[in-house]
Amino acid sequence: MSGINKNFSILACLYLLSGVQLGALGSHALNDVLTPQKLASWELAVQYQLIHAIGIILICLLATRFQSQKLLPLCNWLLAIGVVLFSGSIYAMALGAPSWLGMLAPLGGSAFMLAWLLAGIAIWKA
């Protein structure tokens, strides 16, 4: 496994670890603290973090298989940034961060969508 794929795989594992921890925090410690709407947002952020962490691992495996496709590392950058922007802003807002931070979530969602579009293009070209 190349250096960048190894680094992204490690990052994905850290996203998975923290996603499980944040999910447990939400359902145990924050269940009585957050409003039902904020708790639902928290759970959505956890879900997207976990799904896209697995996506990073998938892209690493595809990059190993289709080494000529230079779009795949870009896909992982977009997924990694998307987790921070999308899930991170939702976590912060659920905990009381200023509402302007919510403008980052759509940027993260756009990063997710662009990553998956580019991944499809890279696979098609392979």
# chains A, B, ... in the order shown; residues from 1 in each chain; ligands from 1
call {"tool": "residues_around", "arguments": {"residues": "Ala12 (chain A)", "least_positions_apart": "3", "cutoff": "12 Å", "atoms": "only C-alpha atoms", "output": "list in words"}}
result
Asn5, Lys6, Asn7, Phe8, Ser9, Tyr15, Leu16, Leu17, Ser18, Gly19, Gln49, Leu50, Ile51, His52, Ala53, Ile54, Gly55, Ile56, Ile57, Leu58, Ile59, Cys60, Asn76, Trp77, Leu79, Ala80, Ile81 and Val83 of chain A
call {"tool": "residues_around", "arguments": {"residues": "Gln67 (chain A)", "least_positions_apart": "4", "cutoff": "12 Å", "atoms": "only C-alpha atoms", "output": "ChimeraX atom specification"}}
result
/A:1-2,5,59-63,71-73,122-123,125-126
call {"tool": "closest_residue", "arguments": {"among": "A:Ala40, A:Val20, A:Ala29, A:Leu74", "to": "Leu117 (chain A)", "atoms": "only C-alpha atoms"}}
result
A:Leu74
call {"tool": "select_by_dssp", "arguments": {"residues": "region 64-111 of chain A", "states": "alpha helix (DSSP H)", "output": "count of residues only"}}
result
29
call {"tool": "closest_residue", "arguments": {"among": "A:Leu11, A:Leu34, A:Leu101, A:Ala115", "to": "Cys75 (chain A)", "atoms": "only C-alpha atoms"}}
result
A:Ala115
call {"tool": "residues_around", "arguments": {"residues": "Leu104 (chain A)", "least_positions_apart": "2", "cutoff": "7 Å", "atoms": "only C-alpha atoms", "output": "NGL selection string"}}
result
:A and (85-86 or 89 or 101-102 or 106-108)
call {"tool": "atom_distance", "arguments": {"atom1": "CA of Leu30 (chain A)", "atom2": "CA of Trp42 (chain A)"}}
result
9.5 Å
